[in-house]
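Source file: protein-v1.pdb (PDB, C-alpha atoms, pLDDT in the B column)
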MODEL        1
ATOM      1  CA  MET Q 133     -15.432  12.936 -11.748  1.00 97.00           C
ATOM      2  CA  LEU Q 134     -13.320  11.008  -9.272  1.00 98.00           C
ATOM      3  CA  GLU Q 135     -10.094  12.293  -7.760  1.00 98.00           C
ATOM      4  CA  THR Q 136      -7.482  11.015  -5.354  1.00 98.00           C
ATOM      5  CA  ILE Q 137      -3.996  11.895  -4.145  1.00 97.00           C
ATOM      6  CA  TYR Q 138      -1.281   9.272  -4.443  1.00 97.00           C
ATOM      7  CA  ARG Q 139       2.078   9.560  -2.659  1.00 97.00           C
ATOM      8  CA  ILE Q 140       4.927   8.376  -4.908  1.00 95.00           C
ATOM      9  CA  HIS Q 141       6.940   5.578  -3.341  1.00 93.00           C
ATOM     10  CA  PHE Q 142       9.353   4.933  -6.227  1.00 88.00           C
ATOM     11  CA  GLU Q 143      12.913   5.920  -5.231  1.00 91.00           C
ATOM     12  CA  GLN Q 144      13.522   7.661  -8.544  1.00 94.00           C
ATOM     13  CA  GLY Q 145      10.184   9.463  -8.561  1.00 94.00           C
ATOM     14  CA  LEU Q 146       7.789   9.286 -11.473  1.00 95.00           C
ATOM     15  CA  HIS Q 147      10.401   8.050 -13.951  1.00 94.00           C
ATOM     16  CA  LEU Q 148      10.039   6.243 -17.282  1.00 96.00           C
ATOM     17  CA  ARG Q 149       8.899   2.804 -16.123  1.00 95.00           C
ATOM     18  CA  PRO Q 150       5.992   3.870 -13.893  1.00 95.00           C
ATOM     19  CA  SER Q 151       5.008   6.591 -16.374  1.00 97.00           C
ATOM     20  CA  HIS Q 152       4.852   4.012 -19.150  1.00 97.00           C
ATOM     21  CA  LEU Q 153       2.845   1.586 -17.005  1.00 96.00           C
ATOM     22  CA  ILE Q 154       0.365   4.308 -15.990  1.00 97.00           C
ATOM     23  CA  ALA Q 155      -0.102   5.508 -19.576  1.00 98.00           C
ATOM     24  CA  THR Q 156      -0.574   1.951 -20.836  1.00 98.00           C
ATOM     25  CA  GLU Q 157      -3.166   1.158 -18.161  1.00 98.00           C
ATOM     26  CA  ALA Q 158      -4.939   4.504 -18.655  1.00 98.00           C
ATOM     27  CA  GLY Q 159      -5.141   3.858 -22.397  1.00 98.00           C
ATOM     28  CA  LYS Q 160      -7.421   0.892 -21.737  1.00 98.00           C
ATOM     29  CA  PHE Q 161     -10.223   3.188 -20.582  1.00 98.00           C
ATOM     30  CA  GLN Q 162     -12.474   5.714 -22.299  1.00 98.00           C
ATOM     31  CA  SER Q 163     -12.403   8.199 -19.418  1.00 98.00           C
ATOM     32  CA  ASP Q 164     -10.183  11.263 -19.449  1.00 98.00           C
ATOM     33  CA  ILE Q 165      -7.337  10.805 -16.969  1.00 98.00           C
ATOM     34  CA  ARG Q 166      -5.375  13.773 -15.691  1.00 98.00           C
ATOM     35  CA  VAL Q 167      -2.440  13.801 -13.294  1.00 98.00           C
ATOM     36  CA  GLU Q 168      -1.331  16.935 -11.445  1.00 98.00           C
ATOM     37  CA  TYR Q 169       1.816  17.699  -9.488  1.00 97.00           C
ATOM     38  CA  ASP Q 170       2.949  21.062  -8.159  1.00 96.00           C
ATOM     39  CA  GLY Q 171       0.597  23.068 -10.388  1.00 97.00           C
ATOM     40  CA  LYS Q 172       1.556  21.166 -13.560  1.00 97.00           C
ATOM     41  CA  PHE Q 173      -0.930  18.925 -15.366  1.00 98.00           C
ATOM     42  CA  ALA Q 174      -0.388  15.835 -17.495  1.00 98.00           C
ATOM     43  CA  ASP Q 175      -2.501  13.628 -19.706  1.00 98.00           C
ATOM     44  CA  GLY Q 176      -2.498  10.269 -17.921  1.00 98.00           C
ATOM     45  CA  LYS Q 177      -2.416   8.475 -21.254  1.00 98.00           C
ATOM     46  CA  SER Q 178       0.833  10.141 -22.367  1.00 98.00           C
ATOM     47  CA  VAL Q 179       4.207   8.876 -21.121  1.00 98.00           C
ATOM     48  CA  LEU Q 180       5.992  12.075 -22.118  1.00 98.00           C
ATOM     49  CA  SER Q 181       3.372  14.250 -20.455  1.00 98.00           C
ATOM     50  CA  LEU Q 182       3.707  12.250 -17.206  1.00 98.00           C
ATOM     51  CA  LEU Q 183       7.511  12.446 -17.299  1.00 97.00           C
ATOM     52  CA  LYS Q 184       7.377  16.237 -17.667  1.00 97.00           C
ATOM     53  CA  LEU Q 185       5.681  16.500 -14.263  1.00 97.00           C
ATOM     54  CA  GLY Q 186       9.002  15.725 -12.584  1.00 95.00           C
ATOM     55  CA  ALA Q 187       7.227  14.307  -9.532  1.00 97.00           C
ATOM     56  CA  PRO Q 188       9.857  13.139  -6.990  1.00 97.00           C
ATOM     57  CA  TYR Q 189       9.898  10.373  -4.406  1.00 96.00           C
ATOM     58  CA  GLY Q 190       7.441  11.257  -1.654  1.00 96.00           C
ATOM     59  CA  GLY Q 191       5.593  13.755  -3.840  1.00 96.00           C
ATOM     60  CA  GLY Q 192       1.819  13.655  -3.929  1.00 97.00           C
ATOM     61  CA  ILE Q 193       0.218  13.471  -7.352  1.00 97.00           C
ATOM     62  CA  THR Q 194      -3.469  14.123  -7.861  1.00 98.00           C
ATOM     63  CA  ILE Q 195      -5.152  11.681 -10.216  1.00 98.00           C
ATOM     64  CA  SER Q 196      -8.454  12.869 -11.710  1.00 98.00           C
ATOM     65  CA  VAL Q 197     -10.659  10.614 -13.818  1.00 98.00           C
ATOM     66  CA  ASN Q 198     -13.772  11.710 -15.668  1.00 98.00           C
ATOM     67  CA  GLY Q 199     -15.951   9.559 -17.891  1.00 98.00           C
ATOM     68  CA  THR Q 200     -18.199   6.564 -18.214  1.00 97.00           C
ATOM     69  CA  ASP Q 201     -15.696   4.078 -16.770  1.00 98.00           C
ATOM     70  CA  GLU Q 202     -14.043   6.434 -14.270  1.00 98.00           C
ATOM     71  CA  ARG Q 203     -14.423   4.169 -11.235  1.00 98.00           C
ATOM     72  CA  GLU Q 204     -12.861   1.171 -12.984  1.00 98.00           C
ATOM     73  CA  ALA Q 205     -10.074   3.325 -14.428  1.00 98.00           C
ATOM     74  CA  LEU Q 206      -9.120   4.898 -11.108  1.00 98.00           C
ATOM     75  CA  LEU Q 207      -9.156   1.551  -9.291  1.00 98.00           C
ATOM     76  CA  ALA Q 208      -7.022  -0.065 -11.995  1.00 98.00           C
ATOM     77  CA  ILE Q 209      -4.430   2.731 -11.884  1.00 97.00           C
ATOM     78  CA  LEU Q 210      -4.247   2.707  -8.091  1.00 97.00           C
ATOM     79  CA  GLN Q 211      -3.883  -1.077  -8.056  1.00 97.00           C
ATOM     80  CA  LEU Q 212      -1.114  -0.829 -10.637  1.00 96.00           C
ATOM     81  CA  LEU Q 213       0.727   1.828  -8.639  1.00 94.00           C
ATOM     82  CA  SER Q 214       0.573  -0.235  -5.475  1.00 91.00           C
ATOM     83  CA  HIS Q 215       2.354  -3.115  -7.227  1.00 90.00           C
ATOM     84  CA  ILE Q 216       5.201  -1.173  -8.839  1.00 84.00           C
TER      85      ILE Q 216
ENDMDL
END

Once you've parsed the file, please lay out its structure as structure tokens.
Amino acid sequence: MLETIYRIHFEQGLHLRPSHLIATEAGKFQSDIRVEYDGKFADGKSVLSLLKLGAPYGGGITISVNGTDEREALLAILQLLSHI
């Protein structure tokens, strides 16, 4: 399992567009992807689940990836987030 903390730099927090992009990218991988913020957990492949986290600008989300392609999945998600 790989895990990292990512600080949200989107002014509106983890809103619809980044949630959709994360879920779409996560769906390309077999690994389980979980995102946590403030004690709440979300399935990284579910837009609605990510939106329910309510993670604000400046908030740190923990991204956990577990599976056969975990390294590739985590790198792809982090690269995506850095370009939003």

Q: Run the PyMOL selection byres ((chain Q and resi 199-215) around 12) mentally over the shown coordinates, then write out the matched residues as an NGL selection string, using the chain letters and numbers from the document.
A: :Q and (133-142 or 146 or 149-167 or 176-177 or 193-198 or 216)

Quiz item: Could you write out as a ChimeraX atom specification the residues that the PyMOL selection byres ((chain Q and resi 145) around 6) matches in the shown file?
Solution: /Q:142-144,146-147,187-189

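The spacing separating CA of Leu180 (chain Q) from CA of Leu148 (chain Q) amounts to 8.6 Å.
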
Adding 4 Å on each side of the box along x, y and z that holds all listed atoms of region 144-161 of chain Q, could you give its centre and edge lengths in Å to one decimal, as JSON?
{"center_x": 1.6, "center_y": 5.2, "center_z": -15.5, "size_x": 31.7, "size_y": 16.6, "size_z": 21.9}
